[in-house]
Amino acid sequence: MLNIAVLVSGGGTNLQALIDAQGKTIKSGRIKVVISNKSDAYALVRAKNAGIDTEVIEEKGESFEKALTEKLEKHGVDIIVLAGFMKILSGSFTSRYANRIINVHPSLIPSFCGKGAYGLKVHEMALEYGVKVTGATVHFVNEIPDGGSIIMQKAVEIEEGDTPEILQRRVMEQAEWKILPEATELVCQKWSK
Ligand code: GAR
């Protein structure tokens with residue numbers, strides 16, 4: 001059983017999907033700790049409700065990754081899942097955890113991704129461009145924002161009258177909450193061998 005850390009910044013619906021998938025889709029790992037860079041993130045409440053340890057790291061700049069490394073070591077973490085984590089990790093950090101950090105992004109990469117494309121903004125960009133299909137991507141995290149190799153993608157149709165909020169919800173329900181647990185299990189299996 002591998003130890004998973006889930007890094008969050010906000011509401012944590014993807015964290016909830018991971019919690020609900022434990023013992024079902026996710027069989028080769030368990031969520032050991034949830035780490036937030038925001039003390040008021042609702043994701044922390046979801047973790048506590050599920051009896052999972054939480055850590056908050058509010059340090060800025062280089063001190064953030066130093067504190068993060070300490071927490072990961074303290075909890076014996078093997079795999080890191082970024083689930084609505086709104087901070088970019090440095091190349092020196094990501095290279096130490098090569099192929100052990102994954103992220104969920106709410107578009108079909110390479111569309112609508114990279115620095116500045118996060119959360120609701122991604123769906124605003126998709127609607128503004130006028131694409132008819134969008135979706136979600138789970139990928140490995142390296143030094144390039146949203147640039148690591150792709151593990152899983154799922155397409156979602158855009159419908160007449162969509163607002164960014166409506167589209168965000170559909171992409172979560174039809175894609176993110178499914179592929180994030182599936183990809184987490186795949187990566188845990190890969191490192192279990
Ligand atoms: C999700 O849509 C996630 O894909 C996105 O933020 C939302 C977080 O929601 N992440 C990014 O944009 C990262 N670049 P959640 O807190 O309810 O899981």
# chains A, B, ... in the order shown; residues from 1 in each chain; ligands from 1
call {"tool": "closest_atom_pairs", "arguments": {"of": "region 12-56 of chain A", "to": "region 104-127 of chain A", "cutoff": "12 Å", "atoms": "only C-alpha atoms", "output": "Markdown table"}}
result
| residue | atom | partner | partner_atom | distance |
| --- | --- | --- | --- | --- |
| A:Gly12 | CA | A:Gly119 | CA | 11.9 |
| A:Thr13 | CA | A:Val104 | CA | 11.8 |
| A:Asn14 | CA | A:Val104 | CA | 8.6 |
| A:Leu15 | CA | A:Val104 | CA | 10.8 |
| A:Leu18 | CA | A:Val104 | CA | 11.8 |
call {"tool": "select_by_dssp", "arguments": {"residues": "region 23-73 of chain A", "states": "alpha helix (DSSP H)", "output": "list of chain:residue names"}}
result
A:Tyr42, A:Ala43, A:Leu44, A:Val45, A:Arg46, A:Ala47, A:Lys48, A:Asn49, A:Glu62, A:Ser63, A:Phe64, A:Glu65, A:Lys66, A:Ala67, A:Leu68, A:Thr69, A:Glu70, A:Lys71, A:Leu72, A:Glu73
call {"tool": "atom_distance", "arguments": {"atom1": "CA of Leu89 (chain A)", "atom2": "CA of Asn142 (chain A)"}}
result
8.4 Å
call {"tool": "residues_around", "arguments": {"residues": "Val56 (chain A)", "least_positions_apart": "3", "cutoff": "12 Å", "atoms": "only C-alpha atoms", "output": "ChimeraX atom specification"}}
result
/A:6-9,33-41,43-44,53,59,64,67-68,71
call {"tool": "select_by_dssp", "arguments": {"residues": "region 32-164 of chain A", "states": "strand (DSSP E)", "output": "PDB file with N, CA and C atoms, in the first residue's frame"}}
result
ATOM      1  N   LYS A  32      -2.668   9.381   2.865  1.00  0.00           N
ATOM      2  CA  LYS A  32      -2.015   9.456   4.180  1.00  0.00           C
ATOM      3  C   LYS A  32      -2.187  10.840   4.773  1.00  0.00           C
ATOM      4  N   VAL A  33      -2.118  11.864   3.898  1.00  0.00           N
ATOM      5  CA  VAL A  33      -2.197  13.246   4.402  1.00  0.00           C
ATOM      6  C   VAL A  33      -2.742  14.166   3.306  1.00  0.00           C
ATOM      7  N   VAL A  34      -3.477  15.188   3.734  1.00  0.00           N
ATOM      8  CA  VAL A  34      -3.938  16.243   2.821  1.00  0.00           C
ATOM      9  C   VAL A  34      -3.212  17.518   3.230  1.00  0.00           C
ATOM     10  N   ILE A  35      -2.552  18.145   2.268  1.00  0.00           N
ATOM     11  CA  ILE A  35      -1.739  19.334   2.558  1.00  0.00           C
ATOM     12  C   ILE A  35      -2.306  20.518   1.767  1.00  0.00           C
ATOM     13  N   SER A  36      -2.560  21.616   2.477  1.00  0.00           N
ATOM     14  CA  SER A  36      -3.126  22.811   1.830  1.00  0.00           C
ATOM     15  C   SER A  36      -2.191  23.997   2.000  1.00  0.00           C
ATOM     16  N   ASP A  53      -5.236  12.828   8.146  1.00  0.00           N
ATOM     17  CA  ASP A  53      -4.366  13.875   8.697  1.00  0.00           C
ATOM     18  C   ASP A  53      -4.284  15.063   7.740  1.00  0.00           C
ATOM     19  N   THR A  54      -4.191  16.262   8.295  1.00  0.00           N
ATOM     20  CA  THR A  54      -4.054  17.463   7.454  1.00  0.00           C
ATOM     21  C   THR A  54      -2.846  18.274   7.897  1.00  0.00           C
ATOM     22  N   GLU A  55      -2.290  19.014   6.952  1.00  0.00           N
ATOM     23  CA  GLU A  55      -1.202  19.947   7.220  1.00  0.00           C
ATOM     24  C   GLU A  55      -1.493  21.215   6.421  1.00  0.00           C
ATOM     25  N   VAL A  56      -1.172  22.370   7.014  1.00  0.00           N
ATOM     26  CA  VAL A  56      -1.300  23.646   6.303  1.00  0.00           C
ATOM     27  C   VAL A  56       0.089  24.259   6.215  1.00  0.00           C
ATOM     28  N   ILE A  79       3.572   9.035  -3.242  1.00  0.00           N
ATOM     29  CA  ILE A  79       2.930   9.596  -4.440  1.00  0.00           C
ATOM     30  C   ILE A  79       2.218  10.892  -4.045  1.00  0.00           C
ATOM     31  N   ILE A  80       2.356  11.921  -4.893  1.00  0.00           N
ATOM     32  CA  ILE A  80       1.724  13.219  -4.615  1.00  0.00           C
ATOM     33  C   ILE A  80       0.674  13.493  -5.677  1.00  0.00           C
ATOM     34  N   VAL A  81      -0.558  13.792  -5.239  1.00  0.00           N
ATOM     35  CA  VAL A  81      -1.643  14.111  -6.178  1.00  0.00           C
ATOM     36  C   VAL A  81      -2.022  15.579  -5.978  1.00  0.00           C
ATOM     37  N   LEU A  82      -1.904  16.368  -7.045  1.00  0.00           N
ATOM     38  CA  LEU A  82      -2.335  17.763  -6.993  1.00  0.00           C
ATOM     39  C   LEU A  82      -3.802  17.796  -7.424  1.00  0.00           C
ATOM     40  N   ILE A 101       4.518  12.670  -9.070  1.00  0.00           N
ATOM     41  CA  ILE A 101       3.550  13.756  -8.836  1.00  0.00           C
ATOM     42  C   ILE A 101       2.614  13.803 -10.032  1.00  0.00           C
ATOM     43  N   ILE A 102       1.293  13.794  -9.760  1.00  0.00           N
ATOM     44  CA  ILE A 102       0.327  13.938 -10.852  1.00  0.00           C
ATOM     45  C   ILE A 102      -0.609  15.097 -10.554  1.00  0.00           C
ATOM     46  N   ASN A 103      -1.190  15.643 -11.630  1.00  0.00           N
ATOM     47  CA  ASN A 103      -2.076  16.798 -11.497  1.00  0.00           C
ATOM     48  C   ASN A 103      -3.305  16.595 -12.372  1.00  0.00           C
ATOM     49  N   VAL A 104      -4.447  17.103 -11.912  1.00  0.00           N
ATOM     50  CA  VAL A 104      -5.640  17.110 -12.763  1.00  0.00           C
ATOM     51  C   VAL A 104      -5.839  18.534 -13.266  1.00  0.00           C
ATOM     52  N   HIS A 105      -6.054  18.641 -14.588  1.00  0.00           N
ATOM     53  CA  HIS A 105      -6.259  19.950 -15.215  1.00  0.00           C
ATOM     54  C   HIS A 105      -7.582  19.917 -15.987  1.00  0.00           C
ATOM     55  N   VAL A 133     -15.771  20.786 -27.935  1.00  0.00           N
ATOM     56  CA  VAL A 133     -15.426  19.685 -27.029  1.00  0.00           C
ATOM     57  C   VAL A 133     -14.292  20.168 -26.132  1.00  0.00           C
ATOM     58  N   THR A 134     -14.427  19.892 -24.829  1.00  0.00           N
ATOM     59  CA  THR A 134     -13.320  20.173 -23.908  1.00  0.00           C
ATOM     60  C   THR A 134     -13.129  18.906 -23.086  1.00  0.00           C
ATOM     61  N   GLY A 135     -12.677  19.008 -21.836  1.00  0.00           N
ATOM     62  CA  GLY A 135     -12.505  17.787 -21.048  1.00  0.00           C
ATOM     63  C   GLY A 135     -11.529  17.997 -19.911  1.00  0.00           C
ATOM     64  N   ALA A 136     -10.902  16.915 -19.504  1.00  0.00           N
ATOM     65  CA  ALA A 136      -9.937  16.995 -18.409  1.00  0.00           C
ATOM     66  C   ALA A 136      -8.751  16.096 -18.721  1.00  0.00           C
ATOM     67  N   THR A 137      -7.637  16.435 -18.094  1.00  0.00           N
ATOM     68  CA  THR A 137      -6.377  15.707 -18.297  1.00  0.00           C
ATOM     69  C   THR A 137      -5.731  15.420 -16.954  1.00  0.00           C
ATOM     70  N   VAL A 138      -5.220  14.218 -16.775  1.00  0.00           N
ATOM     71  CA  VAL A 138      -4.327  13.942 -15.641  1.00  0.00           C
ATOM     72  C   VAL A 138      -2.945  13.680 -16.236  1.00  0.00           C
ATOM     73  N   HIS A 139      -1.960  14.389 -15.698  1.00  0.00           N
ATOM     74  CA  HIS A 139      -0.607  14.291 -16.266  1.00  0.00           C
ATOM     75  C   HIS A 139       0.436  14.273 -15.153  1.00  0.00           C
ATOM     76  N   PHE A 140       1.631  13.784 -15.485  1.00  0.00           N
ATOM     77  CA  PHE A 140       2.747  13.876 -14.540  1.00  0.00           C
ATOM     78  C   PHE A 140       3.187  15.339 -14.462  1.00  0.00           C
ATOM     79  N   ILE A 150       1.211  12.961 -20.429  1.00  0.00           N
ATOM     80  CA  ILE A 150      -0.211  12.747 -20.151  1.00  0.00           C
ATOM     81  C   ILE A 150      -0.455  11.297 -19.748  1.00  0.00           C
ATOM     82  N   ILE A 151      -1.237  11.111 -18.689  1.00  0.00           N
ATOM     83  CA  ILE A 151      -1.586   9.764 -18.212  1.00  0.00           C
ATOM     84  C   ILE A 151      -2.979   9.378 -18.709  1.00  0.00           C
ATOM     85  N   MET A 152      -3.921  10.307 -18.628  1.00  0.00           N
ATOM     86  CA  MET A 152      -5.307   9.991 -18.978  1.00  0.00           C
ATOM     87  C   MET A 152      -6.030  11.277 -19.390  1.00  0.00           C
ATOM     88  N   GLN A 153      -6.949  11.154 -20.355  1.00  0.00           N
ATOM     89  CA  GLN A 153      -7.791  12.302 -20.738  1.00  0.00           C
ATOM     90  C   GLN A 153      -9.216  11.817 -20.963  1.00  0.00           C
ATOM     91  N   LYS A 154     -10.170  12.731 -20.778  1.00  0.00           N
ATOM     92  CA  LYS A 154     -11.559  12.390 -21.090  1.00  0.00           C
ATOM     93  C   LYS A 154     -12.232  13.631 -21.678  1.00  0.00           C
ATOM     94  N   ALA A 155     -12.922  13.435 -22.794  1.00  0.00           N
ATOM     95  CA  ALA A 155     -13.574  14.548 -23.485  1.00  0.00           C
ATOM     96  C   ALA A 155     -14.972  14.800 -22.919  1.00  0.00           C
ATOM     97  N   VAL A 156     -15.387  16.051 -22.959  1.00  0.00           N
ATOM     98  CA  VAL A 156     -16.723  16.474 -22.492  1.00  0.00           C
ATOM     99  C   VAL A 156     -17.281  17.458 -23.532  1.00  0.00           C
ATOM    100  N   GLU A 157     -18.546  17.270 -23.910  1.00  0.00           N
ATOM    101  CA  GLU A 157     -19.187  18.143 -24.905  1.00  0.00           C
ATOM    102  C   GLU A 157     -19.551  19.492 -24.297  1.00  0.00           C
TER     103      GLU A 157
END
